[in-house]
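Participant: Got a structure for you, questions after.
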Amino acid sequence: LGQVRLALGGTITGSVKNTAGTGLRNVEVGIFRDTRFGRQQVDAVMTSSTGTYTIRGLAAGSYYLGYTPPTSGTTIYLPEFYNNKIDLG
């Protein structure tokens with residue numbers, strides 16, 4: 001058997017907040033990457049109770065993030081993607 005050397009994956013961390021600066025929980029953070037088949041989602045995580053998230057184990061490269069808030073509750077937020085866009089286009 002030969003030896004295998006695994007590369008350490010990259011990490012993205014951040015937080016999702018409302019306009020008042022309060023962290024938002026249960027927001028889905030989608031991670032997208034350009035592939036030969038177009039832009040595709042490679043992973044997703046949920047924000048914590050304080051609005052923070054950590055994505056681990058990413059291969060080197062460029063990624064786009066999309067934020068999809070929960071659709072229940074008294075306050076409904078709009079989805080958002082990188083650079084204040086409403087979609088990945």
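Note on naming: chains are A, B, ... as they come in the structure tokens, residues start from 1 per chain, ligands start from 1 in the order shown.
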Considering only C-alpha atoms, return as a count of residues only whatever protein or nucleic-acid residues lie within 6 Å of segment 49-66 of chain A, sequence-local ones (same chain, fewer than 4 positions apart) excluded.
Facilitator: 19
Participant: Excluding Thr68 of chain A and its own-chain neighbours fewer than 2 positions away, which residues fall within 6 Å of it when counting only C-alpha atoms? Please give them as a PyMOL selection string.
Facilitator: chain A and resi 27-28+79
Participant: Restricting the calculation to only C-alpha atoms: of A:Gly2, A:Tyr67, A:Phe37, A:Ser48, which residue gets closest to Asp87 of chain A?
Facilitator: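 Residue with the minimum atom-to-atom distance to Asp87 of chain A: A:Tyr67.
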